[in-house]
file protein_24.csv (CSV, C-alpha atoms and all ligand atoms)
chain,number,residue,atom,x,y,z
A,186,MET,CA,-10.6,-16.7,-15.2
A,187,ALA,CA,-11.6,-13.2,-16.1
A,188,ASP,CA,-13.5,-11.2,-13.5
A,189,THR,CA,-16.6,-9.9,-15.2
A,190,ARG,CA,-18.3,-8.5,-12.1
A,191,PHE,CA,-17.7,-4.9,-13.1
A,192,GLY,CA,-18.3,-5.4,-16.8
A,193,PRO,CA,-15.8,-5.2,-19.7
A,194,GLN,CA,-14.3,-1.9,-18.5
A,195,GLY,CA,-13.6,-3.4,-15.0
A,196,TRP,CA,-14.0,-1.3,-11.9
A,197,MET,CA,-14.0,2.4,-12.6
A,198,PRO,CA,-14.3,5.5,-10.3
A,199,ASP,CA,-17.7,6.3,-11.8
A,200,ARG,CA,-19.1,3.5,-9.6
A,201,LEU,CA,-18.2,5.6,-6.5
A,202,PRO,CA,-21.1,7.1,-4.6
A,203,ALA,CA,-20.8,10.5,-2.9
A,204,LEU,CA,-18.3,10.1,-0.1
A,205,GLY,CA,-19.0,13.2,2.1
A,206,GLY,CA,-18.4,12.4,5.8
A,207,GLN,CA,-16.0,9.6,5.1
A,208,THR,CA,-12.3,9.7,5.9
A,209,TYR,CA,-9.5,7.9,4.1
A,210,VAL,CA,-6.0,7.7,5.5
A,211,ILE,CA,-3.4,7.0,2.8
A,212,THR,CA,0.3,6.4,3.3
A,213,GLY,CA,2.6,7.9,0.6
A,214,ALA,CA,-0.1,10.1,-0.9
A,215,ASN,CA,2.1,12.9,-2.2
A,216,ALA,CA,3.0,11.1,-5.4
A,217,GLY,CA,2.1,8.2,-7.7
A,218,ALA,CA,-0.9,5.9,-7.1
A,219,GLY,CA,-1.5,7.3,-3.6
A,220,PHE,CA,-1.8,10.9,-4.9
A,221,GLN,CA,-4.2,9.7,-7.6
A,222,ALA,CA,-6.2,7.8,-5.0
A,223,ALA,CA,-6.4,11.0,-3.0
A,224,ARG,CA,-7.6,12.9,-6.1
A,225,ILE,CA,-10.3,10.3,-6.9
A,226,LEU,CA,-11.6,10.3,-3.3
A,227,LEU,CA,-11.6,14.1,-2.9
A,228,ALA,CA,-13.5,14.4,-6.1
A,229,ARG,CA,-16.3,12.5,-4.4
A,230,GLY,CA,-16.3,14.8,-1.3
A,231,ALA,CA,-14.3,12.5,1.0
A,232,SER,CA,-11.8,13.7,3.5
A,233,VAL,CA,-8.2,12.5,3.0
A,234,VAL,CA,-5.4,12.3,5.5
A,235,MET,CA,-2.0,11.8,3.9
A,236,LEU,CA,0.7,10.1,5.9
A,237,ASN,CA,3.9,11.1,4.1
A,238,ARG,CA,7.6,11.5,5.0
A,239,SER,CA,8.3,14.9,3.3
A,240,ALA,CA,6.7,18.1,4.5
A,241,GLN,CA,7.7,19.9,1.4
A,242,ARG,CA,6.3,17.3,-1.1
A,243,SER,CA,3.2,17.1,1.0
A,244,ALA,CA,2.7,20.9,0.9
A,245,ALA,CA,3.1,20.8,-2.9
A,246,ALA,CA,0.6,17.9,-3.2
A,247,ILE,CA,-2.0,19.7,-1.0
A,248,THR,CA,-1.6,22.9,-3.1
A,249,ALA,CA,-2.1,20.9,-6.3
A,250,LEU,CA,-5.2,19.2,-4.8
A,251,GLN,CA,-6.7,22.4,-3.5
A,252,GLN,CA,-6.1,24.1,-6.9
A,253,GLU,CA,-8.0,21.2,-8.5
A,254,PHE,CA,-10.9,20.8,-6.0
A,255,GLY,CA,-11.0,24.2,-4.2
A,256,ALA,CA,-9.6,25.5,-1.0
A,257,LYS,CA,-12.2,23.7,1.0
A,258,ALA,CA,-11.1,20.3,-0.2
A,259,ASP,CA,-10.5,18.5,3.1
A,260,VAL,CA,-6.9,17.1,2.7
A,261,ARG,CA,-4.4,17.1,5.5
A,262,TYR,CA,-0.9,15.8,6.1
A,263,VAL,CA,0.5,14.0,9.1
A,264,PRO,CA,4.3,13.3,9.1
A,265,VAL,CA,5.1,9.6,9.1
A,266,ASP,CA,8.4,8.1,7.9
A,267,LEU,CA,7.6,4.4,7.6
A,268,SER,CA,11.3,3.6,7.7
A,269,ASP,CA,11.5,4.8,11.4
A,270,LEU,CA,9.3,3.1,14.0
A,271,SER,CA,9.4,6.1,16.3
A,272,SER,CA,8.1,8.3,13.5
A,273,VAL,CA,5.3,5.7,12.9
A,274,ARG,CA,4.3,5.8,16.6
A,275,ALA,CA,4.3,9.6,16.7
A,276,GLY,CA,2.3,9.9,13.5
A,277,ALA,CA,-0.2,7.3,14.7
A,278,GLN,CA,-0.6,9.2,17.9
A,279,GLU,CA,-1.3,12.4,16.0
A,280,VAL,CA,-3.9,10.6,13.8
A,281,LEU,CA,-5.6,9.2,16.9
A,282,LYS,CA,-5.8,12.8,18.3
A,283,THR,CA,-7.0,14.5,15.2
A,284,VAL,CA,-8.9,12.0,13.0
A,285,PRO,CA,-12.1,10.8,14.7
A,286,ARG,CA,-13.0,8.2,12.1
A,287,ILE,CA,-11.1,6.1,9.5
A,288,ASP,CA,-13.2,4.4,6.8
A,289,ALA,CA,-10.1,3.0,5.2
A,290,LEU,CA,-6.4,2.9,6.0
A,291,ILE,CA,-4.7,2.5,2.6
A,292,CYS,CA,-1.1,1.1,3.0
A,293,ASN,CA,0.2,2.5,-0.2
A,294,ALA,CA,3.7,3.9,0.4
A,295,ALA,CA,6.7,1.9,-0.6
A,296,ILE,CA,10.3,2.0,-1.7
A,297,ALA,CA,11.4,-0.4,-4.4
A,298,GLN,CA,14.5,-1.8,-6.1
A,299,VAL,CA,16.9,-0.2,-3.7
A,300,PRO,CA,20.2,-1.0,-5.5
A,301,ARG,CA,22.5,-1.5,-2.5
A,302,ARG,CA,21.5,-3.1,0.8
A,303,GLN,CA,20.7,-0.4,3.4
A,304,LEU,CA,19.3,-0.7,6.9
A,305,THR,CA,16.6,1.5,8.5
A,306,VAL,CA,17.3,3.3,11.8
A,307,ASP,CA,15.7,0.3,13.5
A,308,GLY,CA,18.2,-2.0,11.8
A,309,PHE,CA,15.9,-3.7,9.2
A,310,GLU,CA,16.7,-4.1,5.5
A,311,SER,CA,15.3,-0.9,4.0
A,312,GLN,CA,12.5,-2.4,1.9
A,313,LEU,CA,11.3,-4.9,4.5
A,314,GLY,CA,11.5,-2.2,7.2
A,315,THR,CA,9.6,0.5,5.3
A,316,ASN,CA,7.1,-1.5,3.3
A,317,HIS,CA,6.3,-4.3,5.9
A,318,PHE,CA,7.4,-3.4,9.4
A,319,GLY,CA,6.4,0.2,9.2
A,320,HIS,CA,2.9,-0.7,8.0
A,321,PHE,CA,2.6,-3.6,10.4
A,322,LEU,CA,3.0,-1.2,13.3
A,323,LEU,CA,0.9,1.6,11.8
A,324,CYS,CA,-2.0,-0.7,11.2
A,325,GLY,CA,-1.7,-2.1,14.7
A,326,LEU,CA,-1.8,1.4,16.2
A,327,LEU,CA,-4.8,2.5,14.1
A,328,PHE,CA,-6.8,-0.7,13.9
A,329,ASP,CA,-9.3,0.1,16.7
A,330,ARG,CA,-10.1,3.4,15.0
A,331,VAL,CA,-10.7,1.6,11.7
A,332,GLU,CA,-12.8,-1.1,13.3
A,333,ALA,CA,-14.9,1.5,15.2
A,334,ALA,CA,-16.0,3.0,11.8
A,335,GLY,CA,-16.7,-0.4,10.3
A,336,GLY,CA,-13.8,0.4,8.1
A,337,ARG,CA,-11.1,-1.6,6.3
A,338,ILE,CA,-7.4,-1.9,5.8
A,339,VAL,CA,-6.2,-1.9,2.2
A,340,VAL,CA,-2.8,-3.4,1.5
A,341,VAL,CA,-1.2,-2.3,-1.7
A,342,ALA,CA,1.0,-5.2,-2.8
A,343,SER,CA,2.8,-6.0,-6.1
A,344,LEU,CA,3.0,-8.8,-8.6
A,345,GLY,CA,6.6,-8.9,-7.4
A,346,TYR,CA,5.3,-11.3,-4.7
A,347,LYS,CA,5.6,-14.0,-7.4
A,348,MET,CA,9.2,-13.1,-8.2
A,349,GLY,CA,12.4,-13.5,-6.2
A,350,LEU,CA,12.5,-16.3,-3.6
A,351,ARG,CA,8.6,-16.5,-3.3
A,352,ARG,CA,9.1,-17.1,0.4
A,353,ILE,CA,10.2,-15.2,3.5
A,354,LYS,CA,13.9,-15.6,4.1
A,355,PHE,CA,13.5,-16.3,7.8
A,356,GLU,CA,17.0,-17.5,8.1
A,357,ASP,CA,18.4,-14.1,6.9
A,358,LEU,CA,15.6,-11.5,6.9
A,359,ASN,CA,18.0,-8.6,6.6
A,360,TRP,CA,19.7,-10.0,3.5
A,361,GLU,CA,23.2,-10.2,4.9
A,362,GLN,CA,23.8,-12.8,2.2
A,363,ASN,CA,23.0,-12.5,-1.5
A,364,TYR,CA,21.2,-9.1,-1.4
A,365,GLY,CA,19.3,-8.3,-4.6
A,366,ALA,CA,17.3,-5.1,-5.2
A,367,ASN,CA,14.4,-7.0,-6.8
A,368,THR,CA,14.5,-10.1,-4.5
A,369,ALA,CA,14.5,-8.0,-1.4
A,370,TYR,CA,11.6,-5.8,-2.8
A,371,SER,CA,9.7,-8.9,-3.8
A,372,GLN,CA,10.1,-10.4,-0.3
A,373,SER,CA,8.8,-7.1,1.3
A,374,LYS,CA,5.7,-7.1,-0.8
A,375,LEU,CA,5.1,-10.8,-0.1
A,376,ALA,CA,5.4,-10.0,3.6
A,377,GLN,CA,2.8,-7.3,3.3
A,378,MET,CA,0.4,-9.8,1.7
A,379,MET,CA,1.1,-12.4,4.4
A,380,PHE,CA,0.4,-9.8,7.0
A,381,ALA,CA,-3.0,-9.0,5.4
A,382,TYR,CA,-4.1,-12.6,5.1
A,383,GLU,CA,-3.0,-13.4,8.6
A,384,LEU,CA,-4.9,-10.4,10.0
A,385,GLN,CA,-8.0,-11.6,8.2
A,386,ASP,CA,-7.7,-15.0,9.9
A,387,ARG,CA,-7.1,-13.4,13.3
A,388,LEU,CA,-10.1,-11.1,13.0
A,389,ALA,CA,-12.3,-13.9,11.8
A,390,ALA,CA,-11.2,-16.1,14.7
A,391,ALA,CA,-11.8,-13.3,17.2
A,392,GLY,CA,-15.2,-12.4,15.7
A,393,ARG,CA,-13.9,-8.8,15.2
A,394,LYS,CA,-15.2,-6.3,12.7
A,395,GLY,CA,-13.0,-4.7,10.1
A,396,ALA,CA,-12.1,-6.1,6.7
A,397,VAL,CA,-8.7,-6.4,5.0
A,398,TYR,CA,-8.3,-6.3,1.2
A,399,VAL,CA,-5.2,-6.8,-0.9
A,400,CYS,CA,-4.6,-5.2,-4.3
A,401,HIS,CA,-1.8,-4.1,-6.6
A,402,PRO,CA,-1.6,-1.3,-9.2
A,403,GLY,CA,-0.2,-3.5,-12.0
A,404,SER,CA,2.4,-1.7,-13.9
A,405,SER,CA,1.9,2.0,-13.6
A,406,ALA,CA,3.9,5.1,-14.5
A,407,THR,CA,4.6,6.5,-11.1
A,408,SER,CA,7.7,7.8,-9.4
A,409,LEU,CA,8.5,4.5,-7.6
A,410,ILE,CA,11.5,3.4,-9.6
A,411,ARG,CA,12.8,7.0,-10.1
A,412,THR,CA,12.7,7.5,-6.3
A,413,SER,CA,14.6,4.5,-5.1
A,414,GLY,CA,15.8,2.4,-8.0
A,415,GLY,CA,19.3,2.2,-9.4
A,416,LEU,CA,20.4,3.7,-12.7
A,417,LEU,CA,20.0,0.6,-14.9
A,418,THR,CA,16.6,-0.2,-13.4
A,419,ARG,CA,15.5,3.4,-13.9
A,420,PHE,CA,16.5,3.3,-17.6
A,421,THR,CA,14.8,-0.1,-18.2
A,422,TRP,CA,11.7,1.1,-16.5
A,423,TRP,CA,11.7,4.4,-18.6
A,424,LEU,CA,11.9,2.3,-21.8
A,425,MET,CA,9.0,0.1,-20.5
A,426,THR,CA,6.8,3.1,-19.9
A,427,LYS,CA,6.9,3.8,-23.6
A,428,THR,CA,5.0,0.4,-24.2
A,429,PRO,CA,1.4,-0.6,-23.7
A,430,MET,CA,2.6,-2.7,-20.8
A,431,VAL,CA,2.5,0.3,-18.5
A,432,GLN,CA,-0.6,2.3,-17.6
A,433,THR,CA,-1.1,5.7,-16.0
A,434,ALA,CA,-0.7,6.4,-12.3
A,435,GLU,CA,-4.4,7.2,-12.2
A,436,GLN,CA,-5.3,3.8,-13.5
A,437,GLY,CA,-2.9,2.4,-11.0
A,438,ALA,CA,-4.9,4.0,-8.2
A,439,TYR,CA,-8.2,2.3,-9.2
A,440,PRO,CA,-7.6,-1.0,-7.3
A,441,GLU,CA,-6.8,0.7,-4.0
A,442,VAL,CA,-9.8,3.0,-4.3
A,443,MET,CA,-12.0,0.1,-5.2
A,444,CYS,CA,-10.7,-1.9,-2.2
A,445,ALA,CA,-11.3,1.1,0.0
A,446,THR,CA,-14.9,1.6,-1.0
A,447,GLU,CA,-16.5,-1.2,-2.9
A,448,THR,CA,-19.0,-3.7,-1.3
A,449,GLY,CA,-19.0,-7.4,-1.7
A,450,LEU,CA,-15.2,-7.9,-2.3
A,451,GLU,CA,-13.5,-11.2,-1.2
A,452,GLN,CA,-10.9,-11.0,1.4
A,453,ARG,CA,-8.7,-14.0,0.5
A,454,ALA,CA,-8.0,-12.4,-2.9
A,455,LEU,CA,-5.8,-10.1,-4.9
A,456,TYR,CA,-7.4,-7.3,-6.9
A,457,GLY,CA,-5.7,-5.4,-9.7
A,458,PRO,CA,-5.6,-5.1,-13.5
A,459,THR,CA,-6.9,-8.2,-15.3
A,460,GLY,CA,-5.6,-7.5,-18.8
A,461,ARG,CA,-2.2,-8.5,-20.3
A,462,MET,CA,-0.1,-10.4,-17.7
A,463,GLU,CA,-2.3,-8.6,-15.1
A,464,PHE,CA,0.0,-5.6,-15.6
A,465,VAL,CA,-2.7,-3.4,-17.2
A,466,GLY,CA,-6.3,-3.4,-18.1
A,467,PRO,CA,-9.8,-3.7,-16.5
A,468,VAL,CA,-9.6,-3.8,-12.7
A,469,GLY,CA,-11.1,-6.8,-10.9
A,470,ARG,CA,-10.1,-9.9,-9.1
A,471,GLY,CA,-6.8,-11.3,-10.3
A,472,THR,CA,-4.9,-14.4,-9.7
A,473,LEU,CA,-3.6,-15.2,-6.2
A,474,GLN,CA,-0.9,-17.8,-5.9
A,475,ALA,CA,-1.0,-20.0,-2.8
A,476,HIS,CA,2.5,-19.3,-1.5
A,477,ALA,CA,1.1,-15.8,-0.5
A,478,HIS,CA,-1.1,-17.5,2.1
A,479,ASP,CA,1.2,-20.2,3.4
A,480,LYS,CA,-0.3,-20.4,6.9
A,481,ALA,CA,2.9,-21.5,8.7
A,482,ALA,CA,4.9,-18.7,7.2
A,483,MET,CA,2.1,-16.1,7.8
A,484,ALA,CA,1.9,-17.1,11.5
A,485,ARG,CA,5.7,-17.1,11.9
A,486,LEU,CA,6.0,-13.7,10.2
A,487,TRP,CA,3.4,-12.3,12.4
A,488,GLN,CA,5.1,-13.4,15.6
A,489,LEU,CA,8.4,-12.1,14.4
A,490,SER,CA,6.9,-8.8,13.3
A,491,GLU,CA,5.4,-8.2,16.7
A,492,HIS,CA,8.7,-8.9,18.3
A,493,ALA,CA,10.6,-6.7,15.8
A,494,THR,CA,8.2,-3.7,16.1
A,495,GLY,CA,7.7,-4.1,19.9
A,496,PHE,CA,3.9,-4.1,19.3
A,497,THR,CA,1.5,-6.8,20.2
A,498,TRP,CA,-1.8,-6.8,18.4
A,499,GLN,CA,-4.9,-7.6,20.5
A,500,VAL,CA,-6.3,-10.0,17.9
B,1,LIG,N1,4.2,1.7,-10.0
B,1,LIG,C1,4.1,0.4,-10.2
B,1,LIG,O1,4.2,-0.1,-11.3
B,1,LIG,C2,3.9,-0.5,-9.0
B,1,LIG,C3,3.9,-1.9,-9.3
B,1,LIG,C4,3.7,-2.8,-8.2
B,1,LIG,C5,3.4,-2.3,-7.0
B,1,LIG,N2,3.4,-0.9,-6.8
B,1,LIG,C6,3.1,-0.5,-5.4
B,1,LIG,O2,2.2,0.6,-5.5
B,1,LIG,C7,2.4,1.4,-4.3
B,1,LIG,C8,2.4,2.9,-4.7
B,1,LIG,O3,3.7,3.1,-5.3
B,1,LIG,P1,3.8,4.1,-6.6
B,1,LIG,O4,4.1,3.3,-7.7
B,1,LIG,O5,2.7,5.1,-6.6
B,1,LIG,O6,5.2,4.8,-6.1
B,1,LIG,P2,5.6,6.4,-5.9
B,1,LIG,O7,5.1,7.2,-7.0
B,1,LIG,O8,7.1,6.4,-5.6
B,1,LIG,O9,4.9,6.7,-4.5
B,1,LIG,C9,5.3,6.1,-3.3
B,1,LIG,C10,4.9,7.0,-2.2
B,1,LIG,O10,5.5,6.3,-1.0
B,1,LIG,C11,6.1,7.3,-0.2
B,1,LIG,N3,7.2,6.8,0.7
B,1,LIG,C12,8.3,6.2,0.3
B,1,LIG,N4,9.1,5.9,1.4
B,1,LIG,C13,8.3,6.3,2.5
B,1,LIG,C14,8.5,6.3,3.9
B,1,LIG,N5,9.7,5.8,4.4
B,1,LIG,N6,7.6,6.9,4.7
B,1,LIG,C15,6.5,7.4,4.1
B,1,LIG,N7,6.2,7.4,2.8
B,1,LIG,C16,7.1,6.9,2.0
B,1,LIG,C17,6.7,8.2,-1.3
B,1,LIG,O11,7.1,9.4,-0.7
B,1,LIG,P3,8.3,10.4,-1.3
B,1,LIG,O12,7.6,11.2,-2.4
B,1,LIG,O13,8.7,11.2,-0.2
B,1,LIG,O14,9.3,9.4,-1.9
B,1,LIG,C18,5.5,8.4,-2.2
B,1,LIG,O15,4.6,9.3,-1.7
B,1,LIG,C19,3.6,0.9,-3.6
B,1,LIG,O16,3.1,0.1,-2.5
B,1,LIG,C20,4.3,0.0,-4.6
B,1,LIG,O17,5.0,-1.1,-4.0
B,1,LIG,C21,3.7,0.0,-7.8
call {"tool": "encode", "arguments": {"input": "protein_24.csv", "output": "structure tokens", "more": "lines below"}}
Ligand SMILES: NC(=O)c1ccc[n+]([C@@H]2O[C@H](COP(=O)([O-])OP(=O)(O)OC[C@H]3O[C@@H](n4cnc5c(N)ncnc54)[C@H](OP(=O)(O)O)[C@@H]3O)[C@@H](O)[C@H]2O)c1
result
Amino acid sequence: MADTRFGPQGWMPDRLPALGGQTYVITGANAGAGFQAARILLARGASVVMLNRSAQRSAAAITALQQEFGAKADVRYVPVDLSDLSSVRAGAQEVLKTVPRIDALICNAAIAQVPRRQLTVDGFESQLGTNHFGHFLLCGLLFDRVEAAGGRIVVVASLGYKMGLRRIKFEDLNWEQNYGANTAYSQSKLAQMMFAYELQDRLAAAGRKGAVYVCHPGSSATSLIRTSGGLLTRFTWWLMTKTPMVQTAEQGAYPEVMCATETGLEQRALYGPTGRMEFVGPVGRGTLQAHAHDKAAMARLWQLSEHATGFTWQV
């Protein structure tokens, strides 16, 4: 059923109030939807802390943002490589030292469609390691700071959660058998969603503050496939960007900015474009399939993730 809460245009950044005094921490904000989210938030006077892996690309992004919004635009970079748990720990420590409040931690960074199976330095399949385990640890280390501000965690997922196996491959998490670029990516995004829904349950059971929202950018013209996808995937994606089934990177940022700022959102939900196939169109509450909140799998994945990252959440 169409979500009409935000009118026929869906959620748009013109709904945003002035955001002076608020701080948004965004992973992977030097490019794509994360960069556009930073732009939208800075335009309303917010402070933005980008957690990126490349110093050079971050410097270029900051220069571009300060050219657009003036040298006083409060945008900073803290190095975090989500594919390396020691880098996540060091980055989180730096954030805790230098960022006194976090109104939203937006888990936006990802790699996708990695053509050949690779392992992270910690020995995880690269997409699961970067997209899920990296964010699982980061959120755990920063959660108290988010909660103290009455803030929220935003998980940027993907419609890919409905593709591939549609379950967590517990028997072979690292894809030693039958690796596929798309199936492994799909599993990593499903894992991120299960993490978010399990965190909601745990916070509610513990009577803790802090909300967790899940969204996706639909199909948006970012650098995602160009960065990590294989040649054929890159070509197919390039062709697709010439069709109306792909929207701009800025439109792709609306769901995550909405989830970081809007009041009255549902937690057990998936927000994103609500137009054709939910790839494009007005932003609102989309369709959420039940396999993404399979309780037994969520609980099992949580336990396993604590073990894999060596981090125990206090919820
Ligand atoms: N675009 C779409 O159509 C689409 C569809 C469904 C879901 N999504 C999701 O939308 C989110 C944003 O992606 P995007 O499309 O904007 O892609 P993008 O343009 O490639 O941006 C991804 C960002 O993540 C960063 N990143 C990658 N690996 C990292 C690591 N190990 N540590 C820290 N940062 C890392 C990238 O940094 P570098 O610049 O250094 O590579 C970049 O800043 C992702 O969660 C993706 O899964 C996108």
call {"tool": "residues_near_ligand", "arguments": {"input": "protein_24.csv", "ligand": "ligand LIG 1 (chain B)", "cutoff": "8 Å", "atoms": "all atoms listed in the file", "output": "number ranges by chain"}}
result
A: 212-220, 236-239, 242, 265-269, 292-297, 315-316, 340-345, 374, 401-413, 431, 434, 437-438
call {"tool": "residues_around", "arguments": {"input": "protein_24.csv", "residues": "Val468 of chain A", "least_positions_apart": "2", "cutoff": "12 Å", "atoms": "all atoms listed in the file", "output": "MDAnalysis selection string"}}
result
chainID A and resid 187:198 400:403 432 436:444 455:461 463:466 470:472
call {"tool": "write_last_selection", "arguments": {"input": "protein_24.csv", "atoms": "C-alpha atoms", "output": "compact mmCIF listing (two decimals), keeping the file's coordinate frame"}}
result
# COMPACT_ATOMS: atom_id res chain seq x y z
CA ALA A 187 -11.60 -13.20 -16.10
CA ASP A 188 -13.50 -11.20 -13.50
CA THR A 189 -16.60 -9.90 -15.20
CA ARG A 190 -18.30 -8.50 -12.10
CA PHE A 191 -17.70 -4.90 -13.10
CA GLY A 192 -18.30 -5.40 -16.80
CA PRO A 193 -15.80 -5.20 -19.70
CA GLN A 194 -14.30 -1.90 -18.50
CA GLY A 195 -13.60 -3.40 -15.00
CA TRP A 196 -14.00 -1.30 -11.90
CA MET A 197 -14.00 2.40 -12.60
CA PRO A 198 -14.30 5.50 -10.30
CA CYS A 400 -4.60 -5.20 -4.30
CA HIS A 401 -1.80 -4.10 -6.60
CA PRO A 402 -1.60 -1.30 -9.20
CA GLY A 403 -0.20 -3.50 -12.00
CA GLN A 432 -0.60 2.30 -17.60
CA GLN A 436 -5.30 3.80 -13.50
CA GLY A 437 -2.90 2.40 -11.00
CA ALA A 438 -4.90 4.00 -8.20
CA TYR A 439 -8.20 2.30 -9.20
CA PRO A 440 -7.60 -1.00 -7.30
CA GLU A 441 -6.80 0.70 -4.00
CA VAL A 442 -9.80 3.00 -4.30
CA MET A 443 -12.00 0.10 -5.20
CA CYS A 444 -10.70 -1.90 -2.20
CA LEU A 455 -5.80 -10.10 -4.90
CA TYR A 456 -7.40 -7.30 -6.90
CA GLY A 457 -5.70 -5.40 -9.70
CA PRO A 458 -5.60 -5.10 -13.50
CA THR A 459 -6.90 -8.20 -15.30
CA GLY A 460 -5.60 -7.50 -18.80
CA ARG A 461 -2.20 -8.50 -20.30
CA GLU A 463 -2.30 -8.60 -15.10
CA PHE A 464 0.00 -5.60 -15.60
CA VAL A 465 -2.70 -3.40 -17.20
CA GLY A 466 -6.30 -3.40 -18.10
CA ARG A 470 -10.10 -9.90 -9.10
CA GLY A 471 -6.80 -11.30 -10.30
CA THR A 472 -4.90 -14.40 -9.70
call {"tool": "atom_distance", "arguments": {"input": "protein_24.csv", "atom1": "atom CA of Ala334 of chain A", "atom2": "atom CA of Tyr382 of chain A"}}
result
20.7 Å
call {"tool": "closest_residue", "arguments": {"input": "protein_24.csv", "among": "A:Ser272, A:Thr497, A:Thr368, A:Gln377", "to": "Val299 of chain A", "atoms": "all atoms listed in the file"}}
result
A:Thr368
call {"tool": "atom_distance", "arguments": {"input": "protein_24.csv", "atom1": "atom CA of Ala333 of chain A", "atom2": "atom CA of Thr208 of chain A"}}
result
12.7 Å
call {"tool": "closest_residue", "arguments": {"input": "protein_24.csv", "among": "A:Arg485, A:His478, A:Lys257, A:Arg337", "to": "Thr446 of chain A", "atoms": "only C-alpha atoms"}}
result
A:Arg337
call {"tool": "residues_around", "arguments": {"input": "protein_24.csv", "residues": "Met378 of chain A", "least_positions_apart": "6", "cutoff": "12 Å", "atoms": "all atoms listed in the file", "output": "PDB file with C-alpha atoms, keeping the file's coordinate frame"}}
result
ATOM      1  CA  CYS A 292      -1.100   1.100   3.000  1.00  0.00           C
ATOM      2  CA  ASN A 316       7.100  -1.500   3.300  1.00  0.00           C
ATOM      3  CA  HIS A 317       6.300  -4.300   5.900  1.00  0.00           C
ATOM      4  CA  HIS A 320       2.900  -0.700   8.000  1.00  0.00           C
ATOM      5  CA  PHE A 321       2.600  -3.600  10.400  1.00  0.00           C
ATOM      6  CA  ILE A 338      -7.400  -1.900   5.800  1.00  0.00           C
ATOM      7  CA  VAL A 339      -6.200  -1.900   2.200  1.00  0.00           C
ATOM      8  CA  VAL A 340      -2.800  -3.400   1.500  1.00  0.00           C
ATOM      9  CA  VAL A 341      -1.200  -2.300  -1.700  1.00  0.00           C
ATOM     10  CA  ALA A 342       1.000  -5.200  -2.800  1.00  0.00           C
ATOM     11  CA  SER A 343       2.800  -6.000  -6.100  1.00  0.00           C
ATOM     12  CA  LEU A 344       3.000  -8.800  -8.600  1.00  0.00           C
ATOM     13  CA  GLY A 345       6.600  -8.900  -7.400  1.00  0.00           C
ATOM     14  CA  TYR A 346       5.300 -11.300  -4.700  1.00  0.00           C
ATOM     15  CA  LYS A 347       5.600 -14.000  -7.400  1.00  0.00           C
ATOM     16  CA  ARG A 351       8.600 -16.500  -3.300  1.00  0.00           C
ATOM     17  CA  ARG A 352       9.100 -17.100   0.400  1.00  0.00           C
ATOM     18  CA  ILE A 353      10.200 -15.200   3.500  1.00  0.00           C
ATOM     19  CA  SER A 371       9.700  -8.900  -3.800  1.00  0.00           C
ATOM     20  CA  GLN A 372      10.100 -10.400  -0.300  1.00  0.00           C
ATOM     21  CA  LEU A 384      -4.900 -10.400  10.000  1.00  0.00           C
ATOM     22  CA  GLN A 385      -8.000 -11.600   8.200  1.00  0.00           C
ATOM     23  CA  VAL A 397      -8.700  -6.400   5.000  1.00  0.00           C
ATOM     24  CA  TYR A 398      -8.300  -6.300   1.200  1.00  0.00           C
ATOM     25  CA  VAL A 399      -5.200  -6.800  -0.900  1.00  0.00           C
ATOM     26  CA  CYS A 400      -4.600  -5.200  -4.300  1.00  0.00           C
ATOM     27  CA  HIS A 401      -1.800  -4.100  -6.600  1.00  0.00           C
ATOM     28  CA  GLN A 452     -10.900 -11.000   1.400  1.00  0.00           C
ATOM     29  CA  ARG A 453      -8.700 -14.000   0.500  1.00  0.00           C
ATOM     30  CA  ALA A 454      -8.000 -12.400  -2.900  1.00  0.00           C
ATOM     31  CA  LEU A 455      -5.800 -10.100  -4.900  1.00  0.00           C
ATOM     32  CA  TYR A 456      -7.400  -7.300  -6.900  1.00  0.00           C
ATOM     33  CA  LEU A 473      -3.600 -15.200  -6.200  1.00  0.00           C
ATOM     34  CA  GLN A 474      -0.900 -17.800  -5.900  1.00  0.00           C
ATOM     35  CA  ALA A 475      -1.000 -20.000  -2.800  1.00  0.00           C
ATOM     36  CA  HIS A 476       2.500 -19.300  -1.500  1.00  0.00           C
ATOM     37  CA  ALA A 477       1.100 -15.800  -0.500  1.00  0.00           C
ATOM     38  CA  HIS A 478      -1.100 -17.500   2.100  1.00  0.00           C
ATOM     39  CA  ASP A 479       1.200 -20.200   3.400  1.00  0.00           C
ATOM     40  CA  LYS A 480      -0.300 -20.400   6.900  1.00  0.00           C
ATOM     41  CA  ALA A 482       4.900 -18.700   7.200  1.00  0.00           C
ATOM     42  CA  MET A 483       2.100 -16.100   7.800  1.00  0.00           C
ATOM     43  CA  LEU A 486       6.000 -13.700  10.200  1.00  0.00           C
ATOM     44  CA  TRP A 487       3.400 -12.300  12.400  1.00  0.00           C
TER      45      TRP A 487
END
call {"tool": "atom_distance", "arguments": {"input": "protein_24.csv", "atom1": "atom CA of Gly314 of chain A", "atom2": "atom CA of Gln278 of chain A"}}
result
19.8 Å
call {"tool": "closest_residue", "arguments": {"input": "protein_24.csv", "among": "A:Gln241, A:Gln303, A:Thr448, A:Thr433", "to": "Arg200 of chain A", "atoms": "all atoms listed in the file"}}
result
A:Thr448
call {"tool": "closest_residue", "arguments": {"input": "protein_24.csv", "among": "A:Ile211, A:Asp307, A:Gln312, A:Met379", "to": "Asn367 of chain A", "atoms": "only C-alpha atoms"}}
result
A:Gln312
call {"tool": "residues_around", "arguments": {"input": "protein_24.csv", "residues": "Arg330 of chain A", "least_positions_apart": "6", "cutoff": "12 Å", "atoms": "all atoms listed in the file", "output": "list in words"}}
result
Thr208, Tyr209, Val210, Ala277, Gln278, Val280, Leu281, Lys282, Thr283, Val284, Pro285, Arg286, Ile287, Asp288, Ala289, Leu290, Leu323, Cys324, Gly336, Arg337, Ile338, Lys394 and Gly395 of chain A
